[in-house]
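Participant: Contents of final-v5.tsv (TSV, C-alpha atoms and all ligand atoms):
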chain	number	residue	atom	x	y	z
R	1	MET	CA	61.68	86.24	47.60
R	2	THR	CA	62.73	84.82	50.95
R	3	THR	CA	63.99	86.84	53.84
R	4	THR	CA	65.15	85.95	57.29
R	5	GLN	CA	62.81	87.17	59.99
R	6	GLN	CA	64.34	88.57	63.12
R	7	GLN	CA	62.39	89.22	66.28
R	8	THR	CA	63.03	92.69	67.71
R	9	GLY	CA	60.75	93.08	70.71
R	10	SER	CA	57.21	92.90	69.37
R	11	GLN	CA	58.35	94.04	65.92
R	12	GLN	CA	59.49	91.78	63.11
R	13	THR	CA	62.19	93.12	60.85
R	14	ALA	CA	62.73	91.35	57.54
R	15	LEU	CA	66.41	90.94	56.76
R	16	ALA	CA	67.82	90.77	53.26
R	17	ALA	CA	71.24	89.78	54.62
R	18	SER	CA	73.06	89.38	57.91
R	19	ALA	CA	76.62	88.73	59.02
R	20	ARG	CA	77.79	87.44	62.40
R	21	ASP	CA	81.35	87.71	63.67
R	22	LEU	CA	82.64	87.82	60.12
R	23	VAL	CA	86.42	87.49	59.89
R	24	ARG	CA	88.48	87.55	56.70
R	25	THR	CA	92.24	87.37	56.81
R	26	TYR	CA	94.50	87.26	53.79
R	27	GLY	CA	97.82	85.46	53.85
R	28	SER	CA	99.38	83.97	56.95
R	29	GLY	CA	102.16	84.50	59.50
R	30	GLU	CA	103.82	87.90	59.69
R	31	THR	CA	102.37	89.13	56.41
R	32	ALA	CA	98.77	88.27	57.32
R	33	VAL	CA	96.25	91.08	56.75
R	34	THR	CA	92.99	91.17	58.69
R	35	ALA	CA	90.51	92.74	56.27
R	36	LEU	CA	87.45	91.96	58.43
R	37	ALA	CA	87.95	91.65	62.19
R	38	GLY	CA	84.54	90.43	63.38
R	39	VAL	CA	81.69	92.22	61.58
R	40	ASP	CA	78.11	91.97	62.83
R	41	LEU	CA	75.64	93.46	60.39
R	42	ASP	CA	71.92	93.27	59.59
R	43	VAL	CA	70.75	94.57	56.24
R	44	ALA	CA	67.03	95.33	56.31
R	45	ALA	CA	64.93	94.16	53.36
R	46	GLY	CA	63.39	96.83	51.14
R	47	ARG	CA	65.91	99.45	52.20
R	48	PHE	CA	68.83	101.24	50.59
R	49	THR	CA	71.96	100.63	52.71
R	50	ALA	CA	75.31	102.32	52.10
R	51	ILE	CA	78.60	100.87	53.33
R	52	MET	CA	81.13	103.67	53.81
R	53	GLY	CA	84.63	103.89	55.18
R	54	PRO	CA	88.17	104.89	54.36
R	55	SER	CA	90.28	103.17	51.73
R	56	GLY	CA	91.45	99.77	52.94
R	57	SER	CA	88.85	99.59	55.75
R	58	GLY	CA	87.32	96.38	54.38
R	59	LYS	CA	84.25	97.59	52.46
R	60	SER	CA	84.86	95.55	49.32
R	61	THR	CA	85.85	92.48	51.31
R	62	LEU	CA	82.61	92.75	53.31
R	63	MET	CA	80.52	93.14	50.16
R	64	HIS	CA	82.27	90.22	48.46
R	65	CYS	CA	81.67	88.00	51.52
R	66	LEU	CA	77.99	89.03	51.71
R	67	ALA	CA	77.56	88.38	47.99
R	68	GLY	CA	79.19	84.95	48.02
R	69	LEU	CA	82.10	86.15	45.87
R	70	ASP	CA	84.65	85.61	48.64
R	71	THR	CA	84.79	83.03	51.43
R	72	PRO	CA	85.23	84.37	54.96
R	73	THR	CA	87.87	82.89	57.23
R	74	SER	CA	85.19	82.44	59.90
R	75	GLY	CA	81.75	83.68	60.83
R	76	SER	CA	78.33	83.45	59.30
R	77	VAL	CA	76.59	85.09	56.35
R	78	VAL	CA	72.88	84.58	55.68
R	79	VAL	CA	71.35	86.02	52.50
R	80	GLY	CA	67.73	85.48	51.54
R	81	GLY	CA	67.50	82.88	54.31
R	82	VAL	CA	70.48	80.88	52.97
R	83	GLU	CA	73.57	80.31	55.16
R	84	LEU	CA	76.55	80.64	52.84
R	85	ALA	CA	79.14	78.89	55.05
R	86	GLY	CA	79.68	75.42	53.75
R	87	LEU	CA	78.33	75.98	50.22
R	88	ASP	CA	80.76	74.65	47.63
R	89	ASP	CA	81.64	76.64	44.47
R	90	THR	CA	78.82	75.16	42.40
R	91	ARG	CA	76.24	75.92	45.06
R	92	LEU	CA	77.65	79.42	45.56
R	93	THR	CA	77.30	80.07	41.83
R	94	LEU	CA	73.69	78.89	41.94
R	95	PHE	CA	73.09	80.94	45.08
R	96	ARG	CA	74.38	84.12	43.38
R	97	ARG	CA	72.28	83.46	40.30
R	98	GLU	CA	69.10	83.00	42.32
R	99	HIS	CA	69.53	85.51	45.14
R	100	VAL	CA	71.94	88.29	44.19
R	101	GLY	CA	72.14	91.12	41.65
R	102	PHE	CA	75.32	93.09	40.93
R	103	VAL	CA	76.00	96.62	39.71
R	104	PHE	CA	79.67	97.46	39.12
R	105	GLN	CA	81.53	100.73	38.73
R	106	SER	CA	82.45	99.77	35.16
R	107	PHE	CA	78.87	98.84	34.12
R	108	ASN	CA	80.08	95.47	32.66
R	109	LEU	CA	77.64	95.53	29.74
R	110	LEU	CA	78.35	93.38	26.70
R	111	PRO	CA	79.12	95.75	23.80
R	112	MET	CA	77.63	93.63	21.00
R	113	LEU	CA	74.25	93.24	22.71
R	114	THR	CA	71.50	95.88	22.82
R	115	ALA	CA	70.41	97.37	26.14
R	116	GLY	CA	67.35	95.10	26.13
R	117	GLN	CA	69.47	92.00	25.43
R	118	ASN	CA	71.92	92.95	28.19
R	119	ILE	CA	69.07	93.31	30.69
R	120	VAL	CA	67.57	89.87	30.06
R	121	LEU	CA	70.94	88.09	29.69
R	122	PRO	CA	71.03	86.75	33.30
R	123	LEU	CA	67.64	85.10	32.76
R	124	GLU	CA	68.70	83.60	29.45
R	125	LEU	CA	71.88	82.20	31.00
R	126	ALA	CA	69.79	80.66	33.79
R	127	GLY	CA	67.19	79.34	31.34
R	128	THR	CA	64.46	81.31	33.14
R	129	PRO	CA	61.58	82.81	31.12
R	130	VAL	CA	61.38	86.64	31.03
R	131	ASP	CA	58.50	88.08	33.06
R	132	ARG	CA	57.44	90.80	30.57
R	133	VAL	CA	55.32	92.68	33.12
R	134	TRP	CA	58.25	92.93	35.54
R	135	LEU	CA	60.64	93.86	32.70
R	136	ASP	CA	58.29	96.71	31.69
R	137	ASP	CA	58.04	97.84	35.34
R	138	VAL	CA	61.81	97.91	35.83
R	139	VAL	CA	62.52	99.59	32.51
R	140	GLY	CA	59.70	102.08	33.16
R	141	VAL	CA	60.92	103.01	36.64
R	142	LEU	CA	64.46	103.45	35.29
R	143	GLY	CA	63.19	105.50	32.32
R	144	ILE	CA	65.04	103.62	29.58
R	145	GLU	CA	62.07	102.35	27.51
R	146	ASP	CA	63.24	104.19	24.39
R	147	ARG	CA	66.83	102.92	24.70
R	148	MET	CA	66.16	99.18	24.58
R	149	GLY	CA	67.39	98.75	20.98
R	150	HIS	CA	70.61	100.75	21.48
R	151	ARG	CA	74.03	99.25	22.08
R	152	PRO	CA	76.03	100.42	25.13
R	153	SER	CA	78.33	102.57	22.93
R	154	GLU	CA	75.24	104.53	21.84
R	155	LEU	CA	74.25	105.32	25.44
R	156	SER	CA	75.52	107.92	27.93
R	157	GLY	CA	77.33	106.73	31.07
R	158	GLY	CA	74.23	107.30	33.17
R	159	GLN	CA	72.04	105.37	30.71
R	160	GLN	CA	74.55	102.50	30.67
R	161	GLN	CA	74.48	102.38	34.47
R	162	ARG	CA	70.66	102.39	34.42
R	163	VAL	CA	70.78	99.40	32.05
R	164	ALA	CA	73.17	97.71	34.50
R	165	VAL	CA	70.73	98.43	37.36
R	166	ALA	CA	67.85	96.96	35.32
R	167	ARG	CA	69.97	93.86	34.61
R	168	ALA	CA	70.60	93.47	38.35
R	169	LEU	CA	66.87	93.77	39.13
R	170	ILE	CA	65.48	91.56	36.38
R	171	SER	CA	65.75	88.28	38.29
R	172	ARG	CA	64.11	89.85	41.41
R	173	PRO	CA	67.10	89.05	43.61
R	174	ASP	CA	66.85	89.14	47.39
R	175	ILE	CA	69.55	91.77	47.37
R	176	VAL	CA	71.41	93.98	44.90
R	177	PHE	CA	75.05	94.85	45.60
R	178	ALA	CA	76.36	98.01	43.96
R	179	ASP	CA	80.15	98.49	44.15
R	180	GLU	CA	80.97	102.21	43.74
R	181	PRO	CA	78.20	102.43	41.10
R	182	THR	CA	78.82	106.13	40.53
R	183	GLY	CA	82.62	105.88	40.54
R	184	ASN	CA	82.91	106.45	36.79
R	185	LEU	CA	80.19	109.09	36.47
R	186	ASP	CA	80.18	112.89	36.65
R	187	SER	CA	78.26	114.44	39.54
R	188	ALA	CA	75.03	115.15	37.62
R	189	THR	CA	74.92	111.60	36.22
R	190	SER	CA	75.79	110.18	39.65
R	191	LEU	CA	72.77	111.93	41.13
R	192	GLU	CA	70.61	110.43	38.40
R	193	VAL	CA	71.84	106.88	39.06
R	194	LEU	CA	71.47	107.27	42.85
R	195	ALA	CA	67.91	108.48	42.31
R	196	PHE	CA	67.18	105.37	40.23
R	197	LEU	CA	68.67	103.08	42.86
R	198	ARG	CA	66.37	104.80	45.38
R	199	ARG	CA	63.37	104.35	43.13
R	200	SER	CA	64.16	100.66	42.73
R	201	VAL	CA	63.95	100.43	46.54
R	202	ARG	CA	60.89	102.63	47.00
R	203	GLU	CA	58.81	101.62	43.98
R	204	LEU	CA	59.96	98.05	43.33
R	205	GLY	CA	60.68	97.01	46.93
R	206	GLN	CA	64.26	96.04	46.14
R	207	SER	CA	66.95	95.68	48.86
R	208	VAL	CA	70.10	97.51	47.76
R	209	VAL	CA	73.55	97.60	49.38
R	210	MET	CA	75.95	100.16	47.93
R	211	VAL	CA	79.66	100.37	48.73
R	212	THR	CA	80.97	103.91	48.39
R	213	HIS	CA	83.65	106.18	49.81
R	214	ASP	CA	81.59	109.21	48.77
R	215	ALA	CA	79.57	110.80	51.59
R	216	ASP	CA	77.32	112.60	49.07
R	217	ALA	CA	76.40	109.27	47.50
R	218	ALA	CA	75.84	107.64	50.91
R	219	ALA	CA	73.45	110.47	51.85
R	220	HIS	CA	70.93	108.98	49.39
R	221	ALA	CA	70.71	105.75	51.40
R	222	ASP	CA	68.21	104.90	54.17
R	223	GLU	CA	70.97	103.51	56.38
R	224	VAL	CA	74.71	104.13	56.42
R	225	VAL	CA	77.07	101.52	57.85
R	226	VAL	CA	80.59	102.82	58.51
R	227	ILE	CA	83.46	100.34	58.37
R	228	GLU	CA	86.76	101.19	60.04
R	229	ASP	CA	89.70	98.81	60.39
R	230	GLY	CA	87.57	95.82	59.47
R	231	ARG	CA	84.82	96.53	62.00
R	232	VAL	CA	81.48	98.32	62.02
R	233	ALA	CA	82.27	101.70	63.57
D	301	LIG	N1	93.45	89.58	47.91
D	301	LIG	C1	94.00	90.23	48.93
D	301	LIG	N2	95.20	89.84	49.42
D	301	LIG	C2	95.78	90.49	50.46
D	301	LIG	N3	95.24	91.56	51.08
D	301	LIG	C3	94.05	92.00	50.62
D	301	LIG	C4	93.38	91.38	49.53
D	301	LIG	N4	92.21	92.04	49.31
D	301	LIG	C5	92.17	93.03	50.22
D	301	LIG	N5	93.27	93.02	51.01
D	301	LIG	C6	93.57	93.94	52.14
D	301	LIG	O1	92.45	93.92	53.03
D	301	LIG	C7	92.18	95.24	53.50
D	301	LIG	C8	90.74	95.65	53.14
D	301	LIG	O2	90.64	95.78	51.72
D	301	LIG	P1	89.29	96.19	51.00
D	301	LIG	O3	89.54	96.15	49.52
D	301	LIG	O4	88.17	95.39	51.52
D	301	LIG	O5	89.10	97.72	51.47
D	301	LIG	P2	88.14	98.85	50.92
D	301	LIG	O6	87.58	99.52	52.12
D	301	LIG	O7	87.18	98.29	49.94
D	301	LIG	O8	89.16	99.81	50.19
D	301	LIG	P3	88.96	100.79	48.92
D	301	LIG	O9	87.98	101.85	49.34
D	301	LIG	O10	90.35	101.35	48.72
D	301	LIG	O11	88.49	99.96	47.76
D	301	LIG	C9	93.25	96.15	52.90
D	301	LIG	O12	94.28	96.26	53.85
D	301	LIG	C10	93.72	95.37	51.69
D	301	LIG	O13	95.05	95.69	51.39
In structure tokens, write the structure found in this file.
Facilitator:
Amino acid sequence: MTTTQQQTGSQQTALAASARDLVRTYGSGETAVTALAGVDLDVAAGRFTAIMGPSGSGKSTLMHCLAGLDTPTSGSVVVGGVELAGLDDTRLTLFRREHVGFVFQSFNLLPMLTAGQNIVLPLELAGTPVDRVWLDDVVGVLGIEDRMGHRPSELSGGQQQRVAVARALISRPDIVFADEPTGNLDSATSLEVLAFLRRSVRELGQSVVMVTHDADAAAHADEVVVIEDGRVA
């Protein structure tokens, strides 16, 4: 795991990701929309960061730019010590595979694979051997040991999301991005998933960034970044 080191006085803060003067506009001329209007952001490593803000404020655009899923109009993004500006599509794909984990609102598990097969799929696609000790740690912390042989349709929503979290953690990414991870879950199950995201930070040292419009969900994070009109408020 690589992180950028930033000097703050005598203290050194490890950064999982940072953005400088990040601008993203869509379209051009009179119909142009400025989704990000100059965002400066440092995401500390080993912390749980929530990005909050009203609908249309630019949360998803910011997350997509930080994760290398979208290309900013201008500005800089550094993740795991890698500057994303200037990477072509092939390199961005490799960058995401090596540095980033994703958890989506809709779980995105493959229905024909078991939970265990879904979790190790990113490693198999990358041709990387499975670290069994780490797999056992992740599955143990998430409490899904006895669900490994089940298919997604045989799991509850919360269990499916825990499998999705395990899949995001399995390659030990520099950073995990969770896009409204509790958006499809009832409140009890949401609490469960948020607790597991927290444990992945506290017990496994993971850096997690969660986009949410839900203040109750954001309250579980170590830091809350509020985005308004494409800027950090
Ligand atoms: N592909 C696109 N083309 C044009 N405009 C876009 C596109 N994607 C986003 N936008 C605009 O950029 C702005 C920010 O959108 P974004 O999806 O980042 O907001 P958000 O805070 O994630 O919203 P929500 O909470 O509703 O998901 C909005 O005005 C949106 O309409």
Participant: State, in Å with one decimal place, the distance from atom O12 of ligand LIG 301 (chain D) to CA of Val226 in chain R.
Facilitator: 15.9 Å
Participant: Which residue out of R:Arg47, R:Arg162, R:Arg172, R:His150 has the minimum interatomic distance to Phe104 in chain R when only C-alpha atoms are used?
Facilitator: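 Under the stated criterion, the closest residue is R:Arg162.
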Participant: Which one is closest to His99 in chain R: R:Ala67, R:Leu22, R:Val120, R:Val139? Count all atoms listed in the file.
Facilitator: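 Comparing R:Ala67, R:Leu22, R:Val120, R:Val139 against His99 in chain R, the winner is R:Ala67.
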Participant: Could you please extract the residues within 7 Å of ligand LIG 301 (chain D), counting all atoms listed in the file, and hand them back as number ranges by chain?
Facilitator: R: 26-27, 33-35, 53-62, 213
Participant: Can you spit out the residues from that selection as a short mmCIF file (atom, residue, chain, number, x, y, z; two decimals), in the frame of the given file, using C-alpha atoms?
Facilitator:
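Result file follows (part12.cif):
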data_model
loop_
_atom_site.label_atom_id
_atom_site.label_comp_id
_atom_site.auth_asym_id
_atom_site.auth_seq_id
_atom_site.Cartn_x
_atom_site.Cartn_y
_atom_site.Cartn_z
CA TYR R 26 94.50 87.26 53.79
CA GLY R 27 97.82 85.46 53.85
CA VAL R 33 96.25 91.08 56.75
CA THR R 34 92.99 91.17 58.69
CA ALA R 35 90.51 92.74 56.27
CA GLY R 53 84.63 103.89 55.18
CA PRO R 54 88.17 104.89 54.36
CA SER R 55 90.28 103.17 51.73
CA GLY R 56 91.45 99.77 52.94
CA SER R 57 88.85 99.59 55.75
CA GLY R 58 87.32 96.38 54.38
CA LYS R 59 84.25 97.59 52.46
CA SER R 60 84.86 95.55 49.32
CA THR R 61 85.85 92.48 51.31
CA LEU R 62 82.61 92.75 53.31
CA HIS R 213 83.65 106.18 49.81
#
Participant: So, with all atoms listed in the file as the atoms that count, which of R:Asp42, R:Glu124, R:Glu30, R:Asp21 lies closest to Glu223 in chain R?
Facilitator: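 When distances to Glu223 in chain R are compared using all atoms listed in the file, the smallest one comes from R:Asp42.
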Participant: For a quick check of understanding, using all atoms listed in the file, which of R:Thr71, R:Gly230, R:Ser76, R:Leu110 has the smallest distance to Asp88 in chain R?
Facilitator: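 Residue with the minimum atom-to-atom distance to Asp88 in chain R: R:Thr71.
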Participant: Around (81.3, 84.4, 58.3) in the file's own coordinates, what residues are found within 7 Å if you use all atoms listed in the file, given back as a short mmCIF file (atom, residue, chain, number, x, y, z; two decimals) with C-alpha atoms, keeping the file's coordinate frame?
Facilitator:
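Result went into point32.cif, see below:
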data_model
loop_
_atom_site.label_atom_id
_atom_site.label_comp_id
_atom_site.auth_asym_id
_atom_site.auth_seq_id
_atom_site.Cartn_x
_atom_site.Cartn_y
_atom_site.Cartn_z
CA ALA R 19 76.62 88.73 59.02
CA ARG R 20 77.79 87.44 62.40
CA ASP R 21 81.35 87.71 63.67
CA LEU R 22 82.64 87.82 60.12
CA VAL R 23 86.42 87.49 59.89
CA PRO R 72 85.23 84.37 54.96
CA THR R 73 87.87 82.89 57.23
CA SER R 74 85.19 82.44 59.90
CA GLY R 75 81.75 83.68 60.83
CA SER R 76 78.33 83.45 59.30
CA VAL R 77 76.59 85.09 56.35
CA ALA R 85 79.14 78.89 55.05
#
Participant: Looking at R:Gly46, R:Gly68, R:Gly143, R:Gly29, which one is nearest to Leu84 in chain R, with distances taken over only C-alpha atoms?
Facilitator: R:Gly68
Participant: Go ahead and compute the interatomic distance for CA of Leu169 in chain R and CA of Val225 in chain R, in Å to one decimal.
Facilitator: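 Between these atoms lies a distance of 22.7 Å.
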Participant: Give me, please, the distance in Å between CA of Gly158 in chain R and CA of Gly140 in chain R, quoted to one decimal.
Facilitator: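 It comes out at 15.4 Å.
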Participant: Neighbours of range 178-185 of chain R within 9 Å (only C-alpha atoms; same-chain residues fewer than 4 positions away dropped), as a PyMOL selection string?
Facilitator: chain R and resi 60+63+101-107+157-158+161+165+189-191+193-194+208-214+217
